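Engineer: Attaching a single structure in C-alpha cells format; questions to follow.
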Protein chains: 2
Amino acid sequence: MSGERILLAHGEGGKRSRELVEKTIAARFVNPLLAPLFDSALLGAQPGEIAFTTDGYVVTPHFFPGGDIGRLAVCGTVNDLAVCGASPIGLSCAFILEEGLPLETLERVLDSMQAAAVEAGVPIVTGDTKVVERGKGDGIFVTTSGVGVIRNGWRPRPETVVPGDKVILTGTMGDHHLAVLIARNNLAIAADIRSDAAPLNGLLLPAVDRFGGAVRIMRDATRGGVGVTLNELAHGAGRRIVLDESRLPVSETVSAVCEILGFDPLFLANEGKALLVVDGAVASDVVALLARHTLGRGAVVVGEVAEGSPGVLLKTRVGGLRAVDYPAGDALPRIC
Amino acid sequence: MSGERILLAHGEGGKRSRELVEKTIAARFVNPLLAPLFDSALLGAQPGEIAFTTDGYVVTPHFFPGGDIGRLAVCGTVNDLAVCGASPIGLSCAFILEEGLPLETLERVLDSMQAAAVEAGVPIVTGDTKVVERGKGDGIFVTTSGVGVIRNGWRPRPETVVPGDKVILTGTMGDHHLAVLIARNNLAIAADIRSDAAPLNGLLLPAVDRFGGAVRIMRDATRGGVGVTLNELAHGAGRRIVLDESRLPVSETVSAVCEILGFDPLFLANEGKALLVVDGAVASDVVALLARHTLGRGAVVVGEVAEGSPGVLLKTRVGGLRAVDYPAGDALPRIC
C-alpha cells in the first residue's frame, strides 16, 4: 500500500470506508469480540463493578523514542482503568484522520496500538473512523475509551486517606514529556530520553489484590505530572501531602536537561508512572511488591500525608518547605 | 463568559484545564457517577451482558436545524447501543477543541449534549478535553463512547435471518443529511428540513422486550443511509433483501430536493431512524408497537428477505428490479 494516502472517501461510509475498516484496521485488531463488527461490541456479563474511561490523544510528532500516539492511547486508557482497580476487558478507538495522511502512518499507529493492547492483555473491540479535510486536523487524532471490571470490590477511597499514609511513586519522572519535546525539536538540545509509555495494569492490580483497602487511592501522573496529580489527590482527599525532594526519582539525563532548561520535573508528564497513597504500615511491603515488576523497579516512597490544610508541600533538599501549586500558565512547553 | 475563547492553556492540565472541566463541563453534566472525577467512572455491577461502542463527530456547521454536533454525538452513541438491544448506562465525551473556539460555542454544545442525555435517560459519566493549535482542528470534534446493558439476553443474530422475514424502517429517510447540507450552504437551495437526530432506545428496546428473538437484528441507518446499512445487514446475514421502492418513506420536501439535485434518498444519512429485520409473522405487530412511539410514527415494512445470493435489490415503482450496491465514491456531498 506504499504511497497511498487517506482520502475523504475513506470517511464516507461507502466502499472505501468499509475497505479501510475491514482490511486496514479490523484486520490488525483481530479478536472474537471485534469480529462481528456490530454497532456495539458485546462483552458478556461481568462479575464485578464496571469502570469506564475515555481520553483523546493529539500529540505531535506522532512517533517519538519509546512510543507513538497509538501506544500512548492504549496505555493511557488502560492506566485510567488500572488506577481505579479495574482490569481492562475492552478498548475502543476512534480515529479522526486528516485527508492526505499517508496510509503507512496509520498502519504504523495501528500496529503499535495492537502491540500495546497485547502487552496489556486487552482486546480492541470496537472503533470508528472519520476523515476531515486537509487543514482541519493534524494528521491523526486518536480517542480511546475503555471498559474494565473491578476486582475484589476495591475502589479509590480518597476519604480513607489519613495522616501517616505514605505516597509511593513507581519510577522516574519526566521521561515521556522530554522525549516528546526533544522529538519535536522544540528544545535546542539532544539527549537520549525515551518515553515511559506503558500499561500499568500488570503492575498495579496485584498491589490492590494483595493489600486491598490499605491502598487508598492510585493515580497515573500524566498531564501536569506528579505535581498536578498530587494536588488533585490532596484536594480530593482534603489532606496535606508533604513530598521529600531528595526522594523524588529523576534520571540523570532528565535531571540534566531540566537544569539546563529550567524545567521542574514535578510538572513533566509521564505515561507509565503511578502514584499510590497507602497505609503507612504496609508502605514498604507495597514498594517491595511493585519493585518486583519491570515497570516498578524504581518504586519508592516519595512523601507522606500530614496534618494540616489540604495541598502539597515539598521538603526541599536544603531543608525548606515550599508549596507545590498548580502551574498557572505556560510554565512548560505543552505536549498535548 | 461572553467573548471568552478556548486557549491552549485550557488543555495543559493546569489551573485553566481544571476550571474548564469543573465549571464549564462537569457543572453541566452533573450526576452522581461523574461527581468524583476519578480517572474512570464507576458504574456499579450490572445484571446483564455489557455492550460498548464509540463514534467520532466532525460535522460542520456545528449547529443546524433539528440538532448540533453535541446532540448527534449523544444520540448516535445511544443508538449504537440500542440497536444491539442495550440500555445505555453511561456515556463518555472526549472533546478536541481548536484554539480560539468561542467558549459560548462549547457551552451550547454541552447544553445540547446534556439535554439529549436526559432525553435518552443516560448520564454522561466521564470525559476528556484536549486543545489543539489554531489551524490544526475544526472548532470542535466530539468523540462519545457508551456502555450499555443488554436486557433479557437479546442480541443481534444475523444468522437467524431467513427468507420471509420483513424489513421495517422506523420513518422517513434523508432528513438529517439534507438539513446539514442546507445549513452548510452547499446546495443552491433553501428548504425547511430538520435533522431527525434522536435517541432511539425508548423506541427500540420495548420491541426487543416484547418480541425477543423474532426481532433478528436492528441497525440505525446513519452514514451511507438505508442503502449502505441494508447492504451491511444483507452481507452480514448472507441473505438477499428486496426493498419495495413504493414503500420507502420520504417526506415531500426531501423528495423534492432530491429530485432537483439528483440525490438518492437511499444513501442519505439519518440520525433518528432504524432498520429492523423481523420474523414475518410478527412484522405488523412490531410496526404497530413502533408506531405508538413519537419517533416511530412513520414505521413501515419496506421490504423482505428473499431467496437468492446476498445483497440488496430494489423493486422499482415501474416494476423493475435493480441492485442497490455500496456507492463507489462521491455520489453525495459528504457531511461527516
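By convention here, the chains of the C-alpha cells are called A, B, ... in the order presented, each chain's residues are numbered starting at 1, and ligands are numbered starting at 1 in the order presented.
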Give me the residues of segment 65-99 of chain A that have any atom at most 12 Å from an atom of segment 28-45 of chain B; for each, the nearest atom pair and the distance in Å, rounded to one decimal. Use only C-alpha atoms, sort by chain and number, and format it as a Markdown table.

Structural biologist:
```
| residue | atom | partner | partner_atom | distance |
| --- | --- | --- | --- | --- |
| A:Gly76 | CA | B:Asp39 | CA | 10.1 |
| A:Thr77 | CA | B:Ser40 | CA | 9.1 |
| A:Val78 | CA | B:Ser40 | CA | 10.1 |
| A:Asn79 | CA | B:Asp39 | CA | 8.6 |
| A:Asp80 | CA | B:Asp39 | CA | 5.0 |
| A:Leu81 | CA | B:Ser40 | CA | 5.8 |
| A:Ala82 | CA | B:Ser40 | CA | 9.0 |
| A:Val83 | CA | B:Asp39 | CA | 7.3 |
| A:Cys84 | CA | B:Ser40 | CA | 6.4 |
| A:Gly85 | CA | B:Ser40 | CA | 9.7 |
| A:Ala86 | CA | B:Ser40 | CA | 9.0 |
| A:Ser87 | CA | B:Ser40 | CA | 11.8 |
| A:Pro88 | CA | B:Ser40 | CA | 11.2 |
```

Engineer: Name the residues of segment 49-265 of chain A that fall into strand (DSSP E) according to DSSP on the backbone, using the chain letters and numbers of this document, as a count of residues only.

Structural biologist: 60

Engineer: Which residues of chain B come within 7 Å of chain A, and what is each one's closest atom pair and distance in Å (one decimal), counting only C-alpha atoms, sorted by chain and residue number, as JSON lines?

Structural biologist:
```
{"residue": "B:Ala9", "atom": "CA", "partner": "A:Gly329", "partner_atom": "CA", "distance": 6.3}
{"residue": "B:Glu12", "atom": "CA", "partner": "A:Arg334", "partner_atom": "CA", "distance": 6.5}
{"residue": "B:Gly13", "atom": "CA", "partner": "A:Gly224", "partner_atom": "CA", "distance": 5.0}
{"residue": "B:Gly14", "atom": "CA", "partner": "A:Tyr326", "partner_atom": "CA", "distance": 5.6}
{"residue": "B:Lys15", "atom": "CA", "partner": "A:Tyr326", "partner_atom": "CA", "distance": 5.9}
{"residue": "B:Asp39", "atom": "CA", "partner": "A:Asp80", "partner_atom": "CA", "distance": 5.0}
{"residue": "B:Ser40", "atom": "CA", "partner": "A:Thr53", "partner_atom": "CA", "distance": 4.5}
{"residue": "B:Ala41", "atom": "CA", "partner": "A:Phe52", "partner_atom": "CA", "distance": 5.1}
{"residue": "B:Leu42", "atom": "CA", "partner": "A:Ala51", "partner_atom": "CA", "distance": 4.6}
{"residue": "B:Leu43", "atom": "CA", "partner": "A:Ile50", "partner_atom": "CA", "distance": 5.1}
{"residue": "B:Gly44", "atom": "CA", "partner": "A:Glu49", "partner_atom": "CA", "distance": 4.4}
{"residue": "B:Ala45", "atom": "CA", "partner": "A:Glu49", "partner_atom": "CA", "distance": 4.0}
{"residue": "B:Gly48", "atom": "CA", "partner": "A:Ala45", "partner_atom": "CA", "distance": 5.2}
{"residue": "B:Glu49", "atom": "CA", "partner": "A:Ala45", "partner_atom": "CA", "distance": 4.0}
{"residue": "B:Ile50", "atom": "CA", "partner": "A:Leu43", "partner_atom": "CA", "distance": 5.1}
{"residue": "B:Ala51", "atom": "CA", "partner": "A:Leu42", "partner_atom": "CA", "distance": 4.6}
{"residue": "B:Phe52", "atom": "CA", "partner": "A:Ala41", "partner_atom": "CA", "distance": 5.1}
{"residue": "B:Thr53", "atom": "CA", "partner": "A:Ser40", "partner_atom": "CA", "distance": 4.5}
{"residue": "B:Thr54", "atom": "CA", "partner": "A:Gly127", "partner_atom": "CA", "distance": 5.9}
{"residue": "B:Asp55", "atom": "CA", "partner": "A:Asp128", "partner_atom": "CA", "distance": 5.3}
{"residue": "B:Gly56", "atom": "CA", "partner": "A:Ala94", "partner_atom": "CA", "distance": 6.0}
{"residue": "B:Asp80", "atom": "CA", "partner": "A:Asp39", "partner_atom": "CA", "distance": 5.0}
{"residue": "B:Leu81", "atom": "CA", "partner": "A:Ser40", "partner_atom": "CA", "distance": 5.8}
{"residue": "B:Cys84", "atom": "CA", "partner": "A:Ser40", "partner_atom": "CA", "distance": 6.4}
{"residue": "B:Ser92", "atom": "CA", "partner": "A:Thr54", "partner_atom": "CA", "distance": 6.4}
{"residue": "B:Ala94", "atom": "CA", "partner": "A:Gly56", "partner_atom": "CA", "distance": 6.0}
{"residue": "B:Thr126", "atom": "CA", "partner": "A:Thr53", "partner_atom": "CA", "distance": 6.2}
{"residue": "B:Gly127", "atom": "CA", "partner": "A:Thr54", "partner_atom": "CA", "distance": 5.9}
{"residue": "B:Asp128", "atom": "CA", "partner": "A:Asp55", "partner_atom": "CA", "distance": 5.3}
{"residue": "B:Lys130", "atom": "CA", "partner": "A:Gly56", "partner_atom": "CA", "distance": 6.6}
{"residue": "B:Gly135", "atom": "CA", "partner": "A:Gly135", "partner_atom": "CA", "distance": 6.4}
{"residue": "B:Lys136", "atom": "CA", "partner": "A:Gly137", "partner_atom": "CA", "distance": 4.7}
{"residue": "B:Gly137", "atom": "CA", "partner": "A:Gly137", "partner_atom": "CA", "distance": 4.4}
{"residue": "B:Asp138", "atom": "CA", "partner": "A:Lys136", "partner_atom": "CA", "distance": 5.1}
{"residue": "B:Thr143", "atom": "CA", "partner": "A:Thr143", "partner_atom": "CA", "distance": 6.9}
{"residue": "B:Ser145", "atom": "CA", "partner": "A:Ser145", "partner_atom": "CA", "distance": 6.8}
{"residue": "B:Arg223", "atom": "CA", "partner": "A:Gly13", "partner_atom": "CA", "distance": 5.4}
{"residue": "B:Gly224", "atom": "CA", "partner": "A:Gly13", "partner_atom": "CA", "distance": 5.0}
{"residue": "B:Val228", "atom": "CA", "partner": "A:Gly14", "partner_atom": "CA", "distance": 6.9}
{"residue": "B:Tyr326", "atom": "CA", "partner": "A:Gly14", "partner_atom": "CA", "distance": 5.6}
{"residue": "B:Pro327", "atom": "CA", "partner": "A:Gly14", "partner_atom": "CA", "distance": 5.6}
{"residue": "B:Ala328", "atom": "CA", "partner": "A:Lys15", "partner_atom": "CA", "distance": 5.9}
{"residue": "B:Gly329", "atom": "CA", "partner": "A:Ala9", "partner_atom": "CA", "distance": 6.3}
{"residue": "B:Asp330", "atom": "CA", "partner": "A:Ala9", "partner_atom": "CA", "distance": 6.9}
{"residue": "B:Arg334", "atom": "CA", "partner": "A:Glu12", "partner_atom": "CA", "distance": 6.5}
{"residue": "B:Cys336", "atom": "CA", "partner": "A:Glu12", "partner_atom": "CA", "distance": 6.9}
```

Engineer: Separation of atom CA of Pro61 of chain A and atom CA of Ser255 of chain A, in Å?

Structural biologist: 22.9 Å

Engineer: Just the helix (DSSP H, G or I) stuff from segment 240-287 of chain A, please, per backbone DSSP, written as a list in words.

Structural biologist: Glu245, Ser246, Arg247, Glu252, Thr253, Val254, Ser255, Ala256, Val257, Cys258, Glu259, Ile260, Leu261, Pro265, Leu266, Phe267, Gly280, Ala281, Val282, Ala283, Ser284, Asp285, Val286 and Val287 of chain A

Engineer: Mind checking which residues fall within 8 Å of Val282 of chain A, counting only C-alpha atoms, ignoring those fewer than 3 positions away in the same chain, and posting them as a list in words?

Structural biologist: Phe211, Ala214, Val278, Asp279, Asp285 and Val286 of chain A

Engineer: Using only C-alpha atoms, which of A:Lys23, A:His176, A:His293, A:Arg317 sits nearest Glu245 of chain A?

Structural biologist: A:Arg317

Engineer: If we count only C-alpha atoms, what is near segment 103-115 of chain A at a cut-off of 6 Å, once residues fewer than 4 positions away on the same chain are taken out, given as a PyMOL selection string?

Structural biologist: chain A and resi 4-6+29+70-71

Engineer: Write to file, as an mmCIF file, in the first residue's frame, the residues of the selection just made, with C-alpha atoms.

Structural biologist:
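Result file is out-v8.cif:
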```
data_model
loop_
_atom_site.group_PDB
_atom_site.id
_atom_site.type_symbol
_atom_site.label_atom_id
_atom_site.label_comp_id
_atom_site.auth_asym_id
_atom_site.auth_seq_id
_atom_site.Cartn_x
_atom_site.Cartn_y
_atom_site.Cartn_z
ATOM 1 C CA GLU A 4 -1.359 5.551 -0.576
ATOM 2 C CA ARG A 5 -2.959 8.383 1.317
ATOM 3 C CA ILE A 6 -6.156 8.870 3.286
ATOM 4 C CA PHE A 29 -7.005 -5.881 15.865
ATOM 5 C CA GLY A 70 -1.164 4.768 19.319
ATOM 6 C CA ARG A 71 0.845 3.311 22.181
#
```

Engineer: For atom CA of Leu248 of chain B and atom CA of Thr170 of chain B, determine how far apart the two atoms are, in Å to one decimal place.

Structural biologist: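 Computed distance, atom CA of Leu248 of chain B to atom CA of Thr170 of chain B, equals 10.4 Å.
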
Engineer: Of the candidates B:Leu200, B:Ile89, B:Val162, B:Ala191, which one gets nearest to Ala274 of chain B if we count only C-alpha atoms?

Structural biologist: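 That would be B:Leu200, the residue with the smallest distance to Ala274 of chain B.
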
Engineer: Go through B:Arg297, B:Arg240, B:Arg216, B:Arg292 and flag the residue nearest Arg157 of chain B, using only C-alpha atoms for the distances.

Structural biologist: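 That would be B:Arg216, the residue with the smallest distance to Arg157 of chain B.
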
Engineer: Using only C-alpha atoms, find the one residue out of A:Ile241, A:Ala26, A:Ala116, A:Ile189 that sits nearest to Arg322 of chain A.

Structural biologist: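 Counting only C-alpha atoms, the residue closest to Arg322 of chain A is A:Ile241.
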
Engineer: Counting only C-alpha atoms, what is within 9 Å of Gly171 of chain B, bar same-chain residues fewer than 6 positions away, as a VMD selection string?

Structural biologist: chain B and resid 248 to 250 272 to 274 295 to 300

Engineer: Can I get the selected residues back with C-alpha atoms, as a PDB file, in the first residue's frame?

Structural biologist:
```pdb
ATOM      1  CA  LEU B 248     -39.805   3.717   1.206  1.00  0.00           C
ATOM      2  CA  PRO B 249     -40.827   6.701   3.343  1.00  0.00           C
ATOM      3  CA  VAL B 250     -39.509  10.091   2.212  1.00  0.00           C
ATOM      4  CA  GLY B 272     -33.022   9.007  14.237  1.00  0.00           C
ATOM      5  CA  LYS B 273     -34.130   6.089  12.092  1.00  0.00           C
ATOM      6  CA  ALA B 274     -33.574   2.380  12.465  1.00  0.00           C
ATOM      7  CA  LEU B 295     -40.158   8.553  16.982  1.00  0.00           C
ATOM      8  CA  GLY B 296     -41.738   5.572  15.215  1.00  0.00           C
ATOM      9  CA  ARG B 297     -44.936   7.093  13.888  1.00  0.00           C
ATOM     10  CA  GLY B 298     -43.771   6.556  10.325  1.00  0.00           C
ATOM     11  CA  ALA B 299     -42.695   2.934  10.849  1.00  0.00           C
ATOM     12  CA  VAL B 300     -43.454   0.745   7.864  1.00  0.00           C
TER      13      VAL B 300
END
```

Engineer: Name the closest residue to Gly202 of chain B among the candidates B:Leu321, B:Ala291, B:Phe64, B:Gly121; distances are taken between atoms, counting only C-alpha atoms.

Structural biologist: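 Looking at the shortest contact to Gly202 of chain B, the residue is B:Gly121.
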